[in-house]
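Q: data_38.cif is reproduced below (mmCIF, C-alpha atoms; chains and numbers go by the auth columns).
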data_run
loop_
_atom_site.group_PDB
_atom_site.id
_atom_site.type_symbol
_atom_site.label_atom_id
_atom_site.label_comp_id
_atom_site.label_asym_id
_atom_site.label_seq_id
_atom_site.Cartn_x
_atom_site.Cartn_y
_atom_site.Cartn_z
_atom_site.B_iso_or_equiv
_atom_site.auth_seq_id
_atom_site.auth_asym_id
ATOM 1 C CA MET A 1 9.843 -3.712 6.340 0.00 1 A
ATOM 2 C CA ALA A 2 9.026 -3.003 9.951 0.00 2 A
ATOM 3 C CA TYR A 3 5.461 -4.262 9.714 0.00 3 A
ATOM 4 C CA ILE A 4 6.694 -7.807 9.095 0.00 4 A
ATOM 5 C CA THR A 5 9.805 -9.066 10.791 0.00 5 A
ATOM 6 C CA VAL A 6 11.989 -12.097 10.187 0.00 6 A
ATOM 7 C CA GLU A 7 10.678 -13.542 13.456 0.00 7 A
ATOM 8 C CA MET A 8 7.087 -13.147 12.259 0.00 8 A
ATOM 9 C CA LEU A 9 7.971 -14.810 8.943 0.00 9 A
ATOM 10 C CA GLU A 10 9.724 -17.718 10.664 0.00 10 A
ATOM 11 C CA GLU A 11 6.719 -18.290 12.912 0.00 11 A
ATOM 12 C CA PHE A 12 4.288 -17.968 9.983 0.00 12 A
ATOM 13 C CA ALA A 13 6.324 -20.401 7.843 0.00 13 A
ATOM 14 C CA GLY A 14 7.115 -22.773 10.704 0.00 14 A
ATOM 15 C CA LYS A 15 10.785 -22.639 9.693 0.00 15 A
ATOM 16 C CA PHE A 16 13.591 -21.617 11.995 0.00 16 A
ATOM 17 C CA PRO A 17 16.934 -21.409 10.194 0.00 17 A
ATOM 18 C CA GLU A 18 20.223 -20.898 11.984 0.00 18 A
ATOM 19 C CA ASP A 19 20.845 -17.483 13.489 0.00 19 A
ATOM 20 C CA GLY A 20 22.284 -15.017 11.023 0.00 20 A
ATOM 21 C CA ALA A 21 20.536 -16.491 7.958 0.00 21 A
ATOM 22 C CA ALA A 22 20.113 -13.569 5.570 0.00 22 A
ATOM 23 C CA MET A 23 17.525 -14.879 3.129 0.00 23 A
ATOM 24 C CA PRO A 24 14.402 -14.630 5.334 0.00 24 A
ATOM 25 C CA ALA A 25 15.039 -10.863 5.619 0.00 25 A
ATOM 26 C CA VAL A 26 15.371 -10.667 1.823 0.00 26 A
ATOM 27 C CA TYR A 27 12.057 -12.499 1.369 0.00 27 A
ATOM 28 C CA ALA A 28 10.307 -10.232 3.894 0.00 28 A
ATOM 29 C CA SER A 29 11.681 -7.134 2.172 0.00 29 A
ATOM 30 C CA ALA A 30 10.676 -8.374 -1.288 0.00 30 A
ATOM 31 C CA ALA A 31 7.163 -9.134 -0.045 0.00 31 A
ATOM 32 C CA THR A 32 6.641 -5.724 1.561 0.00 32 A
ATOM 33 C CA ASP A 33 7.958 -4.094 -1.627 0.00 33 A
ATOM 34 C CA ALA A 34 5.467 -6.102 -3.716 0.00 34 A
ATOM 35 C CA VAL A 35 2.599 -5.095 -1.419 0.00 35 A
ATOM 36 C CA ALA A 36 3.624 -1.413 -1.561 0.00 36 A
ATOM 37 C CA ARG A 37 3.815 -1.496 -5.381 0.00 37 A
ATOM 38 C CA TYR A 38 0.386 -3.096 -5.568 0.00 38 A
ATOM 39 C CA LEU A 39 -1.225 -0.703 -3.082 0.00 39 A
ATOM 40 C CA GLY A 40 0.431 2.326 -4.664 0.00 40 A
ATOM 41 C CA TYR A 41 2.012 3.436 -1.344 0.00 41 A
ATOM 42 C CA ASP A 42 3.864 2.112 1.692 0.00 42 A
ATOM 43 C CA PRO A 43 1.136 1.111 4.180 0.00 43 A
ATOM 44 C CA GLU A 44 3.170 2.092 7.248 0.00 44 A
ATOM 45 C CA LEU A 45 2.225 5.430 8.797 0.00 45 A
ATOM 46 C CA ARG A 46 4.603 8.215 7.793 0.00 46 A
ATOM 47 C CA GLU A 47 4.661 11.929 7.037 0.00 47 A
ATOM 48 C CA TYR A 48 4.134 13.183 3.487 0.00 48 A
ATOM 49 C CA THR A 49 4.459 16.648 1.993 0.00 49 A
ATOM 50 C CA VAL A 50 2.826 17.059 -1.403 0.00 50 A
ATOM 51 C CA ARG A 51 2.893 19.985 -3.770 0.00 51 A
ATOM 52 C CA ALA A 52 0.021 19.986 -6.241 0.00 52 A
ATOM 53 C CA TRP A 53 -1.818 22.223 -8.658 0.00 53 A
ATOM 54 C CA GLY A 54 -5.580 22.517 -8.739 0.00 54 A
ATOM 55 C CA ASP A 55 -7.257 20.906 -11.724 0.00 55 A
ATOM 56 C CA GLY A 56 -10.708 22.479 -11.585 0.00 56 A
ATOM 57 C CA THR A 57 -12.153 19.775 -9.313 0.00 57 A
ATOM 58 C CA ASP A 58 -13.188 19.854 -5.666 0.00 58 A
ATOM 59 C CA SER A 59 -10.611 17.358 -4.380 0.00 59 A
ATOM 60 C CA ILE A 60 -6.915 16.645 -4.513 0.00 60 A
ATOM 61 C CA ALA A 61 -5.669 13.064 -4.878 0.00 61 A
ATOM 62 C CA LEU A 62 -2.849 12.300 -2.455 0.00 62 A
ATOM 63 C CA PRO A 63 -0.254 9.488 -2.675 0.00 63 A
ATOM 64 C CA ALA A 64 -1.476 7.612 0.440 0.00 64 A
ATOM 65 C CA PRO A 65 -4.603 7.330 2.587 0.00 65 A
ATOM 66 C CA VAL A 66 -4.815 10.303 4.961 0.00 66 A
ATOM 67 C CA ALA A 67 -4.627 9.469 8.664 0.00 67 A
ATOM 68 C CA SER A 68 -4.337 13.077 9.847 0.00 68 A
ATOM 69 C CA LEU A 69 -3.777 16.483 8.321 0.00 69 A
ATOM 70 C CA ILE A 70 -0.745 18.467 9.486 0.00 70 A
ATOM 71 C CA SER A 71 -0.969 21.628 7.375 0.00 71 A
ATOM 72 C CA VAL A 72 -2.335 23.030 4.126 0.00 72 A
ATOM 73 C CA ARG A 73 -1.016 26.032 2.227 0.00 73 A
ATOM 74 C CA VAL A 74 -3.002 27.458 -0.677 0.00 74 A
ATOM 75 C CA ASN A 75 -1.100 29.826 -2.958 0.00 75 A
ATOM 76 C CA GLY A 76 1.524 30.190 -0.221 0.00 76 A
ATOM 77 C CA ARG A 77 -0.917 31.051 2.592 0.00 77 A
ATOM 78 C CA GLU A 78 -1.390 28.773 5.601 0.00 78 A
ATOM 79 C CA GLN A 79 -4.996 27.589 5.928 0.00 79 A
ATOM 80 C CA GLU A 80 -6.995 26.976 9.083 0.00 80 A
ATOM 81 C CA PRO A 81 -7.723 23.269 9.632 0.00 81 A
ATOM 82 C CA GLU A 82 -11.500 23.795 9.864 0.00 82 A
ATOM 83 C CA GLY A 83 -13.412 22.566 6.863 0.00 83 A
ATOM 84 C CA TRP A 84 -10.695 20.294 5.474 0.00 84 A
ATOM 85 C CA GLU A 85 -11.914 16.714 5.139 0.00 85 A
ATOM 86 C CA TRP A 86 -10.683 13.558 3.514 0.00 86 A
ATOM 87 C CA LYS A 87 -11.883 10.217 2.329 0.00 87 A
ATOM 88 C CA LYS A 88 -9.170 7.629 1.814 0.00 88 A
ATOM 89 C CA ASN A 89 -6.606 9.587 -0.242 0.00 89 A
ATOM 90 C CA TYR A 90 -8.786 12.496 -1.420 0.00 90 A
ATOM 91 C CA LEU A 91 -8.600 15.867 0.321 0.00 91 A
ATOM 92 C CA SER A 92 -11.387 18.459 0.024 0.00 92 A
ATOM 93 C CA HIS A 93 -12.243 21.788 1.614 0.00 93 A
ATOM 94 C CA ARG A 94 -15.821 22.460 2.687 0.00 94 A
ATOM 95 C CA LEU A 95 -16.686 26.155 2.669 0.00 95 A
ATOM 96 C CA ALA A 96 -18.871 27.821 5.315 0.00 96 A
ATOM 97 C CA SER A 97 -21.751 27.643 2.796 0.00 97 A
ATOM 98 C CA GLY A 98 -21.490 23.842 2.828 0.00 98 A
ATOM 99 C CA GLN A 99 -20.206 23.649 -0.750 0.00 99 A
ATOM 100 C CA LEU A 100 -16.886 22.052 -1.611 0.00 100 A
ATOM 101 C CA GLU A 101 -14.257 24.504 -2.810 0.00 101 A
ATOM 102 C CA LEU A 102 -13.134 24.130 -6.427 0.00 102 A
ATOM 103 C CA PHE A 103 -9.376 24.219 -6.922 0.00 103 A
ATOM 104 C CA ASP A 104 -8.813 26.161 -10.154 0.00 104 A
ATOM 105 C CA SER A 105 -5.937 25.186 -12.419 0.00 105 A
ATOM 106 C CA GLY A 106 -3.840 28.109 -11.146 0.00 106 A
ATOM 107 C CA THR A 107 -4.196 27.111 -7.485 0.00 107 A
ATOM 108 C CA ARG A 108 -0.976 25.892 -5.829 0.00 108 A
ATOM 109 C CA LEU A 109 -1.345 23.598 -2.833 0.00 109 A
ATOM 110 C CA GLU A 110 1.194 22.318 -0.354 0.00 110 A
ATOM 111 C CA ILE A 111 -0.228 19.620 1.876 0.00 111 A
ATOM 112 C CA SER A 112 1.518 17.938 4.812 0.00 112 A
ATOM 113 C CA PHE A 113 -0.202 14.920 6.275 0.00 113 A
ATOM 114 C CA MET A 114 0.307 11.600 8.016 0.00 114 A
ATOM 115 C CA GLY A 115 -0.512 8.833 5.582 0.00 115 A
ATOM 116 C CA GLY A 116 -0.818 5.076 5.898 0.00 116 A
ATOM 117 C CA TYR A 117 -1.784 3.021 8.925 0.00 117 A
ATOM 118 C CA ALA A 118 -0.615 2.441 12.489 0.00 118 A
ATOM 119 C CA PRO A 119 -0.924 -0.392 13.017 0.00 119 A
ATOM 120 C CA VAL A 120 -0.876 -1.770 9.481 0.00 120 A
ATOM 121 C CA PRO A 121 -4.147 -3.693 8.905 0.00 121 A
ATOM 122 C CA GLY A 122 -3.883 -7.409 9.601 0.00 122 A
ATOM 123 C CA LYS A 123 -4.922 -8.383 6.066 0.00 123 A
ATOM 124 C CA ILE A 124 -1.997 -6.391 4.623 0.00 124 A
ATOM 125 C CA VAL A 125 0.410 -7.971 7.135 0.00 125 A
ATOM 126 C CA THR A 126 -0.905 -11.462 6.381 0.00 126 A
ATOM 127 C CA THR A 127 -0.651 -10.894 2.634 0.00 127 A
ATOM 128 C CA ALA A 128 2.988 -9.782 2.989 0.00 128 A
ATOM 129 C CA LEU A 129 3.716 -12.847 5.145 0.00 129 A
ATOM 130 C CA GLN A 130 2.068 -15.138 2.574 0.00 130 A
ATOM 131 C CA LEU A 131 4.187 -13.671 -0.223 0.00 131 A
ATOM 132 C CA ALA A 132 7.400 -13.832 1.826 0.00 132 A
ATOM 133 C CA ASN A 133 6.661 -17.463 2.657 0.00 133 A
ATOM 134 C CA LEU A 134 6.040 -18.239 -1.014 0.00 134 A
ATOM 135 C CA TYR A 135 9.356 -16.616 -1.957 0.00 135 A
ATOM 136 C CA TRP A 136 11.028 -18.722 0.725 0.00 136 A
ATOM 137 C CA GLU A 137 9.374 -21.890 -0.599 0.00 137 A
ATOM 138 C CA SER A 138 10.528 -21.041 -4.120 0.00 138 A
ATOM 139 C CA ALA A 139 14.165 -21.348 -3.031 0.00 139 A
ATOM 140 C CA GLY A 140 13.966 -25.032 -4.013 0.00 140 A
ATOM 141 C CA GLY A 141 12.697 -24.122 -7.464 0.00 141 A
ATOM 142 C CA ASN A 142 9.261 -25.704 -7.075 0.00 142 A
ATOM 143 C CA LEU A 143 7.059 -22.738 -6.249 0.00 143 A
ATOM 144 C CA ALA A 144 3.397 -23.548 -6.849 0.00 144 A
ATOM 145 C CA VAL A 145 4.195 -26.347 -9.266 0.00 145 A
ATOM 146 C CA ALA A 146 1.688 -29.123 -9.689 0.00 146 A
ATOM 147 C CA SER A 147 1.899 -32.115 -11.993 0.00 147 A
ATOM 148 C CA THR A 148 -0.677 -34.442 -13.404 0.00 148 A
ATOM 149 C CA ALA A 149 0.044 -37.899 -14.794 0.00 149 A
ATOM 150 C CA PHE A 150 -1.942 -39.168 -17.779 0.00 150 A
ATOM 151 C CA ALA A 151 -2.187 -42.889 -18.500 0.00 151 A
ATOM 152 C CA ASP A 152 -0.941 -42.922 -22.097 0.00 152 A
ATOM 153 C CA THR A 153 0.625 -39.495 -22.615 0.00 153 A
ATOM 154 C CA GLY A 154 2.996 -38.912 -19.692 0.00 154 A
ATOM 155 C CA THR A 155 3.048 -36.071 -17.198 0.00 155 A
ATOM 156 C CA ARG A 156 2.135 -32.405 -17.511 0.00 156 A
ATOM 157 C CA VAL A 157 3.589 -29.756 -15.170 0.00 157 A
ATOM 158 C CA PHE A 158 1.757 -26.537 -14.348 0.00 158 A
ATOM 159 C CA ASN A 159 3.143 -23.464 -12.585 0.00 159 A
ATOM 160 C CA ASN A 160 0.271 -21.869 -10.684 0.00 160 A
ATOM 161 C CA PHE A 161 2.068 -19.048 -8.825 0.00 161 A
ATOM 162 C CA LYS A 162 0.663 -15.608 -9.488 0.00 162 A
ATOM 163 C CA GLU A 163 1.430 -12.815 -6.997 0.00 163 A
ATOM 164 C CA ASP A 164 -1.772 -11.008 -7.981 0.00 164 A
ATOM 165 C CA ARG A 165 -3.834 -13.889 -6.629 0.00 165 A
ATOM 166 C CA PHE A 166 -2.513 -13.040 -3.166 0.00 166 A
ATOM 167 C CA LEU A 167 -2.334 -9.273 -3.632 0.00 167 A
ATOM 168 C CA GLU A 168 -6.006 -9.038 -4.627 0.00 168 A
ATOM 169 C CA GLN A 169 -6.804 -9.704 -0.954 0.00 169 A
ATOM 170 C CA VAL A 170 -5.786 -6.103 -0.174 0.00 170 A
ATOM 171 C CA ASN A 171 -7.792 -4.358 -2.922 0.00 171 A
ATOM 172 C CA ALA A 172 -9.824 -2.436 -0.323 0.00 172 A
ATOM 173 C CA TRP A 173 -6.654 -0.537 0.679 0.00 173 A
ATOM 174 C CA ARG A 174 -5.390 0.088 -2.868 0.00 174 A
ATOM 175 C CA ILE A 175 -5.240 3.545 -4.462 0.00 175 A
ATOM 176 C CA TYR A 176 -5.185 4.002 -8.215 0.00 176 A
ATOM 177 C CA ASN A 177 -4.906 7.678 -9.041 0.00 177 A
ATOM 178 C CA ALA A 178 -2.215 9.471 -7.053 0.00 178 A
#
Write the structure described by the file as structure tokens, please.
A:
Amino acid sequence: MAYITVEMLEEFAGKFPEDGAAMPAVYASAATDAVARYLGYDPELREYTVRAWGDGTDSIALPAPVASLISVRVNGREQEPEGWEWKKNYLSHRLASGQLELFDSGTRLEISFMGGYAPVPGKIVTTALQLANLYWESAGGNLAVASTAFADTGTRVFNNFKEDRFLEQVNAWRIYNA
């Protein structure tokens, strides 16, 4: 939850409850959890170690976007960092010939890397703040409710809140396959 704080949420919402109020922290935590579930990873920069088996392709899907590579072991042997490259959350090894190495199904890989972002992109932070604010607003039970009055038939009430509507803003940072 470090990438959004209670203070940030209070400023974003324009609400300043008494000191010690616990619920804003709950809303911020719930929002960052929702963003992480949607993205498929926690967007804050942290270290990962992944053990994987080759699948006959030239890349390995990792559980978060790669910021930097720490180490790679192939079949138990430490590899030199030269030639290893990544795009978002895919790691590949370019051979001296220029071709990408194929990782056969018997190939064991152990990959340590820094994944996520530092700082977390503003759009992800803003999306988490929007969700936390919506959770806070829902405390009164009227989250995204609109009503329409009709002359002869009364009133209709519609609930328009859908988390995905807000989460879709961060699709560019989402991973689907790890």
Q: From the list A:Pro17, A:Gly122, A:Pro24, A:Ile175, which residue is nearest A:Val66 when using all atoms listed in the file?
A: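 Under the stated criterion, the closest residue is A:Ile175.
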Q: Applying 9 Å and only C-alpha atoms, which residues near stretch 91-93 of chain A remain after dropping the ones on its own chain fewer than 6 positions away? List them as JSON, numbers by chain.
A: {"A": [58, 59, 60, 61, 62, 66, 82, 83, 84, 85, 99, 100, 101, 102]}
Q: Enumerate, as a list in words, the residues matched when the PyMOL selection byres ((chain A and resi 124-134) around 7) is run on the file above.
A: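 After applying the PyMOL selection byres ((chain A and resi 124-134) around 7), what remains is Tyr3, Ile4, Leu9, Ala13, Tyr27, Ala28, Ala31, Thr32, Val35, Val120, Pro121, Gly122, Lys123, Tyr135, Trp136, Glu137, Ser138, Leu143, Phe166, Leu167 and Val170 of chain A.
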Q: Listed atoms of stretch 85-89 of chain A, axis-aligned box, 5 Å per side: centre and edge lengths to one decimal in Å, as AutoDock Vina command-line options?
A:
--center_x -9.3 --center_y 12.2 --center_z 2.4 --size_x 15.3 --size_y 19.1 --size_z 15.4
Q: Tell me which of A:Glu18, A:Asp33, A:Asp42, A:Glu7 sits closest to A:Arg174, counting all atoms listed in the file.
A: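 Residue with the minimum atom-to-atom distance to A:Arg174: A:Asp42.
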Q: A:Asn177, A:Thr107, A:Asn171, A:Thr5: which is nearest A:Thr57, counting all atoms listed in the file?
A: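 Of A:Asn177, A:Thr107, A:Asn171, A:Thr5, the one nearest A:Thr57, counting all atoms listed in the file, is A:Thr107.
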Q: What's around A:Pro43 at 9 Å? Count only C-alpha atoms, leave out sequence neighbours fewer than 2 positions away in its own chain, and write the answer as a count of residues only.
A: 18
Q: Kindly give the distance, in Å, that separates atom CA of A:Gly76 and atom CA of A:Arg108, rounded to a single decimal.
A: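 So the two atoms, atom CA of A:Gly76 and atom CA of A:Arg108, lie 7.5 Å apart.
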Q: Hey, can you check how far atom CA of A:Asp164 sits from atom CA of A:Ala67?
A: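 Those two atoms sit 26.5 Å apart.
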Q: Using all atoms listed in the file, which residue out of A:Ala30, A:Ala2, A:Ala25, A:Leu109 lies closest to A:Val74?
A: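 Of the candidates, the smallest distance to A:Val74 is held by A:Leu109.
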Q: By how many Å are atom CA of A:Arg37 and atom CA of A:Met23 apart?
A: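 The value is 21.0 Å.
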Q: Which residue gives the smallest distance to A:Phe103 among A:Gly14, A:Gly20, A:Gly56, A:Pro119, with all atoms listed in the file counted?
A: A:Gly56
Q: Pick out the residues sitting within 7 Å of A:Phe113, and hand them over as a PyMOL selection string; count all atoms listed in the file, and ignore anything fewer than 4 positions along from it in its own chain.
A: chain A and resi 47-49+66+68-71
Q: Closest to A:Arg77 among A:Leu95, A:Val50, A:Ile111, A:Val26, using all atoms listed in the file?
A: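 Result for the nearest residue to A:Arg77: A:Ile111.
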